[in-house]
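Data from work28.tsv: TSV, C-alpha atoms
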```
chain	number	residue	atom	x	y	z
A	16	MET	CA	-33.53	6.73	106.43
A	17	ILE	CA	-30.10	5.16	106.79
A	18	ILE	CA	-30.53	2.56	104.09
A	19	ASP	CA	-28.34	2.15	101.04
A	20	PRO	CA	-28.97	-0.84	98.77
A	21	SER	CA	-25.36	-0.85	97.66
A	22	VAL	CA	-24.25	-1.95	101.13
A	23	THR	CA	-27.14	-4.08	102.40
A	24	ASN	CA	-26.86	-6.78	99.76
A	25	THR	CA	-23.56	-7.93	98.35
A	26	GLN	CA	-25.16	-9.71	95.39
A	27	THR	CA	-25.92	-6.52	93.46
A	28	ALA	CA	-25.29	-5.71	89.82
A	29	SER	CA	-22.44	-3.67	88.45
A	30	LYS	CA	-24.28	-0.34	88.55
A	31	ASP	CA	-24.89	-0.56	92.30
A	32	GLN	CA	-21.31	-1.69	92.86
A	33	ALA	CA	-20.01	1.32	90.98
A	34	ASN	CA	-22.29	3.62	92.93
A	35	GLN	CA	-21.16	1.99	96.16
A	36	ALA	CA	-17.59	2.86	95.30
A	37	ALA	CA	-18.65	6.46	94.82
A	38	THR	CA	-20.39	6.59	98.19
A	39	GLU	CA	-17.33	5.21	99.96
A	40	THR	CA	-15.07	8.04	98.83
A	41	PRO	CA	-14.64	11.36	100.68
A	42	HIS	CA	-16.70	12.94	97.91
A	43	ALA	CA	-19.87	11.74	99.64
A	44	ALA	CA	-19.19	14.11	102.54
A	45	PRO	CA	-21.50	17.14	102.99
A	46	MET	CA	-20.80	19.85	100.46
A	47	ALA	CA	-20.70	23.63	100.75
A	48	PRO	CA	-24.04	25.49	100.84
A	49	ALA	CA	-25.62	25.82	97.43
A	50	THR	CA	-25.70	29.10	95.59
A	51	LYS	CA	-28.96	31.02	95.76
A	52	ALA	CA	-28.85	31.92	92.09
A	53	PRO	CA	-31.84	30.54	90.16
A	54	ILE	CA	-31.27	27.12	88.66
A	55	ARG	CA	-32.51	26.83	85.08
A	56	ALA	CA	-34.84	23.86	84.73
A	57	GLY	CA	-36.46	22.28	81.72
A	58	VAL	CA	-39.52	20.04	81.76
A	59	MET	CA	-39.79	17.60	78.88
A	60	GLY	CA	-43.36	16.42	78.49
A	61	ALA	CA	-44.87	19.39	80.29
A	62	THR	CA	-48.44	18.71	79.18
A	63	GLY	CA	-48.64	15.24	80.72
A	64	TYR	CA	-49.91	14.95	84.27
A	65	ALA	CA	-46.48	14.38	85.83
A	66	GLY	CA	-44.84	17.11	83.73
A	67	ALA	CA	-47.54	19.63	84.61
A	68	GLU	CA	-47.17	18.70	88.28
A	69	ILE	CA	-43.44	19.42	88.09
A	70	CYS	CA	-44.26	22.82	86.61
A	71	ARG	CA	-46.70	23.47	89.46
A	72	ILE	CA	-44.01	22.62	92.01
A	73	LEU	CA	-41.42	24.80	90.25
A	74	ALA	CA	-43.81	27.77	90.38
A	75	SER	CA	-43.13	28.09	94.11
A	76	HIS	CA	-39.70	26.48	94.37
A	77	PRO	CA	-37.12	28.73	96.04
A	78	TYR	CA	-34.30	27.83	93.61
A	79	PHE	CA	-35.45	26.11	90.44
A	80	ARG	CA	-36.89	28.30	87.68
A	81	LEU	CA	-38.80	26.90	84.71
A	82	ALA	CA	-36.80	27.90	81.63
A	83	VAL	CA	-38.11	25.48	78.99
A	84	ALA	CA	-41.26	23.38	78.69
A	85	THR	CA	-41.69	20.91	75.87
A	86	SER	CA	-44.44	18.96	74.14
A	87	ASP	CA	-44.15	17.45	70.70
A	88	SER	CA	-47.92	17.35	70.19
A	89	GLU	CA	-48.68	20.82	71.62
A	90	ALA	CA	-45.59	22.75	70.48
A	91	GLY	CA	-46.38	26.34	69.59
A	92	THR	CA	-49.09	26.73	72.22
A	93	HIS	CA	-48.87	28.21	75.69
A	94	LEU	CA	-48.55	25.94	78.71
A	95	VAL	CA	-51.41	27.73	80.47
A	96	ASP	CA	-53.73	26.94	77.56
A	97	HIS	CA	-53.61	23.33	78.75
A	98	TYR	CA	-53.32	23.94	82.50
A	99	PRO	CA	-55.17	27.13	83.49
A	100	ASN	CA	-54.16	26.57	87.13
A	101	LEU	CA	-50.64	27.67	86.11
A	102	ARG	CA	-51.82	31.14	85.04
A	103	GLY	CA	-50.10	33.87	86.95
A	104	ALA	CA	-46.90	31.86	87.07
A	105	PHE	CA	-46.19	30.74	83.52
A	106	ASP	CA	-48.39	32.89	81.28
A	107	GLN	CA	-45.59	33.53	78.80
A	108	VAL	CA	-44.20	29.97	78.63
A	109	MET	CA	-44.51	28.68	75.07
A	110	LEU	CA	-44.22	24.94	74.50
A	111	VAL	CA	-41.44	23.77	72.19
A	112	PRO	CA	-40.60	20.30	70.77
A	113	HIS	CA	-38.64	17.78	72.83
A	114	ASP	CA	-35.53	18.24	70.68
A	115	HIS	CA	-35.44	22.03	71.04
A	116	PRO	CA	-31.85	23.26	71.55
A	117	SER	CA	-32.88	25.51	74.46
A	118	LEU	CA	-32.93	22.41	76.67
A	119	LEU	CA	-29.17	22.19	76.31
A	120	ASP	CA	-28.86	25.53	78.12
A	121	CYS	CA	-30.70	24.21	81.18
A	122	GLN	CA	-28.89	23.02	84.28
A	123	VAL	CA	-31.40	20.25	84.92
A	124	VAL	CA	-34.06	18.67	82.74
A	125	PHE	CA	-36.95	16.68	84.14
A	126	MET	CA	-37.98	14.13	81.53
A	127	ALA	CA	-41.67	13.36	82.12
A	128	VAL	CA	-42.02	11.24	79.00
A	129	PRO	CA	-43.03	7.60	78.42
A	130	HIS	CA	-40.51	4.80	78.47
A	131	LYS	CA	-38.41	4.57	75.30
A	132	ALA	CA	-38.51	8.36	74.90
A	133	GLY	CA	-36.27	9.11	77.87
A	134	MET	CA	-33.32	7.06	76.67
A	135	LEU	CA	-33.51	8.70	73.24
A	136	HIS	CA	-33.06	12.23	74.58
A	137	ALA	CA	-30.90	11.63	77.67
A	138	PRO	CA	-27.54	11.05	75.89
A	139	LYS	CA	-27.60	14.42	74.13
A	140	LEU	CA	-28.54	16.25	77.32
A	141	ALA	CA	-25.91	14.43	79.38
A	142	ALA	CA	-23.25	15.14	76.75
A	143	ALA	CA	-24.05	18.85	77.10
A	144	GLY	CA	-23.53	18.67	80.87
A	145	VAL	CA	-27.23	18.89	81.71
A	146	SER	CA	-28.34	16.96	84.78
A	147	VAL	CA	-31.05	14.51	83.72
A	148	VAL	CA	-33.86	13.44	86.04
A	149	ASP	CA	-35.90	10.87	84.15
A	150	LEU	CA	-39.38	9.85	85.30
A	151	SER	CA	-39.73	7.04	82.77
A	152	ALA	CA	-38.58	3.46	83.37
A	153	ASP	CA	-35.55	3.78	81.10
A	154	PHE	CA	-32.91	4.17	83.83
A	155	ARG	CA	-34.49	2.36	86.78
A	156	PHE	CA	-32.94	-1.08	86.53
A	157	ASN	CA	-29.44	-2.12	87.53
A	158	GLN	CA	-28.96	-3.93	84.25
A	159	ALA	CA	-30.15	-2.75	80.86
A	160	SER	CA	-30.89	-6.38	80.04
A	161	THR	CA	-33.54	-6.49	82.79
A	162	TYR	CA	-35.19	-3.41	81.35
A	163	GLU	CA	-35.19	-5.06	77.93
A	164	ASP	CA	-36.81	-8.20	79.33
A	165	VAL	CA	-39.54	-6.21	81.08
A	166	TYR	CA	-40.31	-3.61	78.41
A	167	HIS	CA	-39.51	-5.73	75.33
A	168	VAL	CA	-37.33	-3.10	73.71
A	169	SER	CA	-33.58	-2.70	73.24
A	170	HIS	CA	-31.98	-0.14	75.52
A	171	ALA	CA	-30.64	2.76	73.46
A	172	CYS	CA	-27.84	3.71	75.87
A	173	PRO	CA	-26.84	0.88	78.23
A	174	ASP	CA	-23.58	2.64	79.16
A	175	LEU	CA	-25.53	5.64	80.43
A	176	ASN	CA	-27.85	3.29	82.29
A	177	ASN	CA	-24.82	1.85	84.10
A	178	GLN	CA	-23.92	5.35	85.33
A	179	ALA	CA	-27.44	6.28	86.44
A	180	VAL	CA	-28.54	6.32	90.07
A	181	TYR	CA	-31.94	5.08	91.17
A	182	GLY	CA	-34.16	8.00	92.14
A	183	GLN	CA	-35.74	6.86	95.39
A	184	PRO	CA	-34.24	9.30	97.92
A	185	GLU	CA	-35.20	7.59	101.16
A	186	THR	CA	-33.28	4.44	100.23
A	187	HIS	CA	-30.63	5.87	97.86
A	188	LYS	CA	-29.68	9.12	99.53
A	189	ALA	CA	-25.97	8.31	99.81
A	190	GLN	CA	-25.79	7.47	96.13
A	191	LEU	CA	-27.64	10.64	95.16
A	192	LYS	CA	-25.29	12.74	97.30
A	193	ALA	CA	-22.31	11.10	95.61
A	194	LEU	CA	-23.91	11.96	92.27
A	195	ALA	CA	-24.27	15.55	93.48
A	196	HIS	CA	-20.50	15.76	93.90
A	197	LYS	CA	-20.02	14.34	90.43
A	198	ARG	CA	-22.35	17.02	89.06
A	199	SER	CA	-20.49	19.75	90.94
A	200	THR	CA	-17.27	18.77	89.13
A	201	GLY	CA	-18.92	19.31	85.75
A	202	GLN	CA	-19.67	15.69	84.94
A	203	SER	CA	-22.96	14.55	83.46
A	204	VAL	CA	-25.39	12.79	85.78
A	205	VAL	CA	-28.58	10.79	85.24
A	206	VAL	CA	-31.23	9.85	87.78
A	207	GLY	CA	-33.81	7.19	86.96
A	208	CYS	CA	-36.76	7.98	89.25
A	209	ALA	CA	-38.62	5.11	90.88
A	210	GLY	CA	-42.07	4.21	89.63
A	211	CYS	CA	-45.15	5.35	91.55
A	212	TYR	CA	-46.30	1.91	92.68
A	213	VAL	CA	-42.71	0.97	93.37
A	214	THR	CA	-42.14	3.98	95.62
A	215	ALA	CA	-45.17	3.20	97.76
A	216	CYS	CA	-44.18	-0.47	98.04
A	217	ILE	CA	-40.57	0.41	98.91
A	218	LEU	CA	-41.49	2.92	101.60
A	219	ALA	CA	-43.94	0.47	103.14
A	220	ALA	CA	-41.39	-2.33	103.39
A	221	ALA	CA	-37.88	-0.83	103.46
A	222	PRO	CA	-37.17	-0.62	107.22
A	223	ALA	CA	-38.32	-4.19	107.85
A	224	LEU	CA	-36.35	-5.48	104.88
A	225	ALA	CA	-33.18	-3.59	105.79
A	226	ALA	CA	-33.36	-4.84	109.37
A	227	GLY	CA	-33.29	-8.43	108.11
A	228	MET	CA	-36.75	-9.15	109.51
A	229	VAL	CA	-38.23	-10.49	106.26
A	230	ASN	CA	-37.77	-14.11	105.24
A	231	PRO	CA	-35.83	-13.93	101.94
A	232	ASP	CA	-37.11	-17.35	100.84
A	233	ALA	CA	-40.81	-16.54	101.28
A	234	THR	CA	-43.12	-14.67	98.93
A	235	ILE	CA	-44.00	-11.06	99.65
A	236	ILE	CA	-47.48	-9.98	98.60
A	237	ALA	CA	-48.10	-6.36	97.63
A	238	ASP	CA	-51.56	-5.04	96.80
A	239	ALA	CA	-51.82	-1.44	95.64
A	240	ILE	CA	-54.65	0.86	94.61
A	241	SER	CA	-54.04	3.86	92.35
A	242	GLY	CA	-55.97	6.86	91.14
A	243	VAL	CA	-56.71	7.30	87.45
A	244	THR	CA	-53.99	9.89	86.79
A	245	GLY	CA	-51.49	7.06	87.17
A	246	ALA	CA	-52.58	5.84	83.74
A	247	GLY	CA	-51.60	9.12	82.07
A	248	ARG	CA	-53.50	11.94	80.42
A	249	LYS	CA	-54.76	10.08	77.37
A	250	ALA	CA	-58.17	8.52	78.01
A	251	THR	CA	-58.72	4.84	77.27
A	252	ALA	CA	-61.68	2.51	77.56
A	253	THR	CA	-60.43	1.59	81.04
A	254	THR	CA	-59.88	5.13	82.30
A	255	HIS	CA	-62.89	6.76	80.65
A	256	TYR	CA	-65.07	8.38	83.33
A	257	CYS	CA	-68.09	6.19	82.65
A	258	ASN	CA	-66.01	3.03	83.04
A	259	ALA	CA	-63.77	4.08	85.93
A	260	ASP	CA	-66.32	5.84	88.14
A	261	GLU	CA	-67.86	3.82	91.00
A	262	SER	CA	-65.70	0.81	90.18
A	263	VAL	CA	-62.52	-0.77	91.54
A	264	SER	CA	-60.72	-3.39	89.48
A	265	PRO	CA	-57.37	-5.18	89.33
A	266	TYR	CA	-55.29	-5.03	86.19
A	267	GLY	CA	-51.96	-6.11	84.75
A	268	LEU	CA	-52.30	-9.67	86.03
A	269	PRO	CA	-50.46	-11.93	86.50
A	270	LEU	CA	-47.22	-9.94	86.12
A	271	HIS	CA	-47.49	-6.17	86.04
A	272	ARG	CA	-44.38	-4.52	84.62
A	273	HIS	CA	-43.67	-2.74	87.92
A	274	ALA	CA	-43.33	-6.10	89.70
A	275	PRO	CA	-39.75	-6.78	88.49
A	276	GLU	CA	-38.69	-3.30	89.63
A	277	ILE	CA	-40.17	-3.84	93.09
A	278	ALA	CA	-38.65	-7.32	93.34
A	279	GLU	CA	-35.20	-6.05	92.35
A	280	LYS	CA	-35.24	-3.26	94.93
A	281	TYR	CA	-36.60	-5.52	97.67
A	282	ALA	CA	-33.73	-7.93	97.05
A	283	LEU	CA	-31.19	-5.14	97.31
A	284	LEU	CA	-32.68	-3.95	100.60
A	285	ASN	CA	-32.79	-7.35	102.30
A	286	PRO	CA	-29.32	-8.36	103.60
A	287	GLY	CA	-30.41	-11.99	103.70
A	288	CYS	CA	-31.42	-12.13	100.05
A	289	HIS	CA	-28.70	-13.44	97.74
A	290	GLU	CA	-30.75	-13.40	94.57
A	291	SER	CA	-31.25	-10.62	92.04
A	292	ALA	CA	-34.97	-10.37	92.80
A	293	ALA	CA	-37.15	-11.09	95.80
A	294	HIS	CA	-40.10	-13.48	95.61
A	295	LEU	CA	-43.09	-11.21	95.00
A	296	VAL	CA	-46.72	-11.20	93.96
A	297	PHE	CA	-47.83	-7.68	93.06
A	298	THR	CA	-51.40	-6.78	92.13
A	299	PRO	CA	-52.35	-3.21	91.17
A	300	HIS	CA	-55.92	-1.91	91.24
A	301	LEU	CA	-57.57	1.09	89.62
A	302	ALA	CA	-59.91	3.14	91.81
A	303	PRO	CA	-62.15	6.12	90.98
A	304	LEU	CA	-59.71	8.66	92.44
A	305	LYS	CA	-57.88	11.42	90.63
A	306	ARG	CA	-54.70	11.04	92.66
A	307	GLY	CA	-53.24	8.72	95.25
A	308	ILE	CA	-51.77	5.27	95.86
A	309	CYS	CA	-52.40	3.02	98.83
A	310	ALA	CA	-50.01	0.06	99.00
A	311	THR	CA	-50.50	-2.78	101.50
A	312	VAL	CA	-47.50	-5.10	101.71
A	313	TYR	CA	-47.55	-8.47	103.48
A	314	LEU	CA	-44.05	-9.34	104.70
A	315	PRO	CA	-43.33	-12.92	105.88
A	316	LEU	CA	-41.23	-12.59	108.99
A	317	ASP	CA	-37.88	-14.34	109.12
A	318	PRO	CA	-37.86	-17.37	111.45
A	319	SER	CA	-35.50	-15.46	113.75
A	320	CYS	CA	-38.06	-12.64	114.08
A	321	GLN	CA	-41.29	-14.55	114.67
A	322	ASP	CA	-41.64	-12.96	118.11
A	323	ALA	CA	-41.52	-9.42	116.73
A	324	SER	CA	-44.30	-7.24	118.08
A	325	ALA	CA	-46.27	-4.48	116.44
A	326	GLU	CA	-44.76	-2.07	118.96
A	327	SER	CA	-41.16	-3.06	118.16
A	328	LEU	CA	-41.75	-2.80	114.40
A	329	HIS	CA	-43.40	0.57	114.81
A	330	THR	CA	-40.39	1.79	116.79
A	331	LEU	CA	-38.10	0.47	114.05
A	332	TYR	CA	-40.02	2.46	111.43
A	333	VAL	CA	-40.05	5.66	113.47
A	334	GLU	CA	-36.27	5.45	113.93
A	335	ALA	CA	-35.65	4.49	110.30
A	336	TYR	CA	-37.53	7.48	108.91
A	337	GLN	CA	-36.64	10.06	111.55
A	338	ASP	CA	-34.29	11.93	109.19
A	339	ASP	CA	-36.60	11.81	106.16
A	340	PRO	CA	-38.63	15.03	106.15
A	341	LEU	CA	-41.23	13.82	103.64
A	342	VAL	CA	-42.09	10.50	105.31
A	343	THR	CA	-44.35	10.35	108.36
A	344	VAL	CA	-44.81	7.20	110.41
A	345	LEU	CA	-48.29	7.51	111.87
A	346	PRO	CA	-49.08	6.59	115.48
A	347	GLU	CA	-49.76	2.93	116.20
A	348	GLY	CA	-53.21	1.93	114.99
A	349	VAL	CA	-53.62	4.98	112.74
A	350	TRP	CA	-53.63	3.94	109.10
A	351	PRO	CA	-52.62	6.01	106.07
A	352	LYS	CA	-55.26	7.56	103.81
A	353	THR	CA	-54.74	8.84	100.27
A	354	SER	CA	-56.70	12.01	101.08
A	355	SER	CA	-54.09	12.94	103.70
A	356	VAL	CA	-51.30	13.12	101.12
A	357	ALA	CA	-53.16	14.16	97.95
A	358	GLY	CA	-51.48	17.06	96.19
A	359	THR	CA	-48.34	16.79	98.31
A	360	ALA	CA	-44.84	15.30	98.27
A	361	ARG	CA	-45.51	13.42	101.48
A	362	ALA	CA	-45.73	9.73	102.34
A	363	HIS	CA	-47.65	8.29	105.29
A	364	VAL	CA	-46.58	4.88	106.57
A	365	ASN	CA	-47.50	2.40	109.29
A	366	ILE	CA	-46.94	-1.25	110.16
A	367	THR	CA	-48.37	-3.97	112.39
A	368	VAL	CA	-47.99	-7.73	112.93
A	369	ASN	CA	-50.29	-10.68	112.40
A	370	PRO	CA	-48.69	-13.12	114.87
A	371	GLN	CA	-50.92	-16.05	113.90
A	372	GLU	CA	-49.59	-15.98	110.32
A	373	GLY	CA	-46.09	-14.71	111.06
A	374	LEU	CA	-46.61	-11.65	108.86
A	375	ALA	CA	-45.82	-7.99	109.15
A	376	ILE	CA	-48.42	-5.84	107.39
A	377	ALA	CA	-47.11	-2.48	106.16
A	378	VAL	CA	-49.11	0.29	104.51
A	379	CYS	CA	-47.96	3.38	102.63
A	380	CYS	CA	-50.03	6.12	101.01
A	381	ILE	CA	-48.59	8.64	98.59
A	382	ASP	CA	-49.85	10.88	95.82
A	383	ASN	CA	-48.97	9.03	92.62
A	384	LEU	CA	-48.14	12.38	90.98
A	385	GLY	CA	-46.38	13.65	94.10
A	386	HIS	CA	-43.99	11.34	95.93
A	387	GLY	CA	-44.70	8.81	93.21
A	388	ALA	CA	-43.54	11.03	90.34
A	389	ALA	CA	-43.10	14.82	90.13
A	390	ALA	CA	-42.32	15.64	93.75
A	391	GLN	CA	-39.90	12.73	94.04
A	392	ALA	CA	-38.13	13.95	90.89
A	393	VAL	CA	-37.77	17.43	92.40
A	394	GLN	CA	-36.60	15.86	95.66
A	395	CYS	CA	-33.86	14.06	93.71
A	396	ALA	CA	-32.91	17.30	91.96
A	397	ASN	CA	-32.75	19.10	95.30
A	398	ILE	CA	-30.17	16.58	96.48
A	399	LEU	CA	-28.24	16.83	93.20
A	400	PHE	CA	-27.93	20.59	93.66
A	401	ASP	CA	-27.07	20.36	97.37
A	402	LEU	CA	-30.34	21.88	98.51
A	403	ALA	CA	-32.56	20.79	101.37
A	404	GLU	CA	-34.24	17.69	99.97
A	405	ASP	CA	-37.69	19.05	100.82
A	406	ALA	CA	-37.08	22.51	99.32
A	407	GLY	CA	-40.28	23.61	97.60
A	408	LEU	CA	-42.04	20.43	98.73
A	409	GLY	CA	-43.40	21.29	102.16
A	410	ALA	CA	-47.09	21.68	101.32
A	411	LEU	CA	-49.74	19.79	103.28
A	412	ALA	CA	-52.91	18.26	101.86
A	413	CYS	CA	-55.94	20.50	101.93
```
I'd like the structure from this file rewritten - as structure tokens, please.
Amino acid sequence: MIIDPSVTNTQTASKDQANQAATETPHAAPMAPATKAPIRAGVMGATGYAGAEICRILASHPYFRLAVATSDSEAGTHLVDHYPNLRGAFDQVMLVPHDHPSLLDCQVVFMAVPHKAGMLHAPKLAAAGVSVVDLSADFRFNQASTYEDVYHVSHACPDLNNQAVYGQPETHKAQLKALAHKRSTGQSVVVGCAGCYVTACILAAAPALAAGMVNPDATIIADAISGVTGAGRKATATTHYCNADESVSPYGLPLHRHAPEIAEKYALLNPGCHESAAHLVFTPHLAPLKRGICATVYLPLDPSCQDASAESLHTLYVEAYQDDPLVTVLPEGVWPKTSSVAGTARAHVNITVNPQEGLAIAVCCIDNLGHGAAAQAVQCANILFDLAEDAGLGALAC
């Protein structure tokens, strides 16, 4: 998808401006083919759902090799004791604490840890020249101050946050490729991967936003449904089987903490938006699924685009995503299903128009642990190491 937030909206924060400068240099040009030598990878938080999913992907990845897996609570045990599905691939992998020095010998570390933990470990890894791919929220926002407002905690390394690139490959590919050149020169790099809900909402709306078809002064409504693994491995009263089964419920109202991230990225994508955040109402729902997110986004059409047809928008989406191997725009009238992407790195997208209300209605389904977390992190790492972005990620749903 030929979309780069650093060039579609001139009212961006300093981090995007710095990344724009990087993408405008010759360094963003295609690089030489990557070496086929194994790339040593560490997974911090390997016993969480996202961390274990990264391990599962690495088991069949053609280049990355799991070298270190960490867990503070389960250190000293074997990874396969917690995830028997990984037997035959990682039988000898012993879990070590998050601060184990062996991580400093890795070439890339995937940090599948909660927010606040990522920013505590990232500086030491970056100082050692390790590429950091963080799945927490710690490096997602353009400004550390926005993160602090949303998560109510001081950012431990705002300077590193200013250097980080947002890890949503379909809309930040140029920036990630520029970061790949930086890595190849021996400099430290940090990627702050997009949130799961955010990824689904971005992929649903990005082509229409980037084409200037969405009214920047109107409110976008995004409703999303997630499987229970999105809440993490630790059971709560909400996610307990007896409470979650056979029930669908909204949560996080009126302002879920992913809403500011979505609003910020929507504003960057829309060339007509001159504010730091788009007008947005976001409502997440919990459904009795293990995996999957279905996001339905209602996009008020710009007055200049009120005559847009479902056919023209569909064509726009097909063209926008034609070079993105992990995104499929379904045929007109065929709507995404979570079961079609479960267990994969893929995203299914479609769009139509409600002409009576002047709305485009866009839908995206992803696996919250796949394109919403682990697979997207590996996709970012593939780009960082000048590999095919879908290397190791080609599986289809069963």
For range 337-345 of chain A, work out the shell of residues within 9 Å, counting all atoms listed in the file and skipping chain neighbours fewer than 3 positions away, then give it as a compact mmCIF listing (two decimals) with C-alpha atoms, in the coordinates of the input.
```txt
# COMPACT_ATOMS: atom_id res chain seq x y z
CA MET A 16 -33.53 6.73 106.43
CA ILE A 17 -30.10 5.16 106.79
CA PRO A 184 -34.24 9.30 97.92
CA GLU A 185 -35.20 7.59 101.16
CA LEU A 218 -41.49 2.92 101.60
CA HIS A 329 -43.40 0.57 114.81
CA TYR A 332 -40.02 2.46 111.43
CA VAL A 333 -40.05 5.66 113.47
CA GLU A 334 -36.27 5.45 113.93
CA GLY A 348 -53.21 1.93 114.99
CA VAL A 349 -53.62 4.98 112.74
CA TRP A 350 -53.63 3.94 109.10
CA PRO A 351 -52.62 6.01 106.07
CA ALA A 360 -44.84 15.30 98.27
CA ARG A 361 -45.51 13.42 101.48
CA ALA A 362 -45.73 9.73 102.34
CA HIS A 363 -47.65 8.29 105.29
CA VAL A 364 -46.58 4.88 106.57
CA ASN A 365 -47.50 2.40 109.29
CA ILE A 366 -46.94 -1.25 110.16
CA HIS A 386 -43.99 11.34 95.93
CA GLU A 404 -34.24 17.69 99.97
CA ASP A 405 -37.69 19.05 100.82
CA LEU A 408 -42.04 20.43 98.73
CA GLY A 409 -43.40 21.29 102.16
```
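In this model, the gap between CA of Glu68 in chain A and CA of Met134 in chain A comes to 21.5 Å.
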Please enclose the listed atoms of range 64-72 of chain A in an axis-aligned box, pad each side by 4 Å, and write out the centre and the three edge lengths in Å, rounded to one decimal, as JSON.
```
{"center_x": -46.7, "center_y": 18.9, "center_z": 87.9, "size_x": 14.5, "size_y": 17.1, "size_z": 16.3}
```
| request: For Gln391 in chain A, list every protein, DNA or RNA residue within 9 Å, evaluated using only C-alpha atoms, and leave out those in the same chain fewer than 4 positions away; present the list as a PyMOL selection string. | output: chain A and resi 182-184+208-209+360+384-387+395-396
| field | Among the residues A:Ala377, A:Ala141, A:Ala82, A:Ser146, the one that comes closest to Ile217 in chain A [using only C-alpha atoms] | value |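 Result for the nearest residue to Ile217 in chain A: A:Ala377.
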Identify, on the basis of only C-alpha atoms, every residue whose closest approach to range 111-118 of chain A does not exceed 8 Å; exclude the query and any residue fewer than 6 positions from it along the same chain; express the result as a JSON list (two decimals) with C-alpha atoms, keeping the file's coordinate frame.
```json
[["chain", "number", "residue", "atom", "x", "y", "z"],
["A", 57, "GLY", "CA", -36.46, 22.28, 81.72],
["A", 59, "MET", "CA", -39.79, 17.60, 78.88],
["A", 60, "GLY", "CA", -43.36, 16.42, 78.49],
["A", 83, "VAL", "CA", -38.11, 25.48, 78.99],
["A", 84, "ALA", "CA", -41.26, 23.38, 78.69],
["A", 85, "THR", "CA", -41.69, 20.91, 75.87],
["A", 86, "SER", "CA", -44.44, 18.96, 74.14],
["A", 87, "ASP", "CA", -44.15, 17.45, 70.70],
["A", 88, "SER", "CA", -47.92, 17.35, 70.19],
["A", 89, "GLU", "CA", -48.68, 20.82, 71.62],
["A", 90, "ALA", "CA", -45.59, 22.75, 70.48],
["A", 91, "GLY", "CA", -46.38, 26.34, 69.59],
["A", 124, "VAL", "CA", -34.06, 18.67, 82.74],
["A", 136, "HIS", "CA", -33.06, 12.23, 74.58],
["A", 140, "LEU", "CA", -28.54, 16.25, 77.32]]
```
| query | Pick from A:Tyr281, A:Tyr78, A:Tyr166, A:Phe125: nearest to Val206 in chain A, with all atoms listed in the file counted? | reply | A:Phe125
| What is the distance, in Å and to one decimal place, between CA of Gly307 in chain A and CA of Ala65 in chain A? |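 Computing it gives 12.9 Å between the two atoms.
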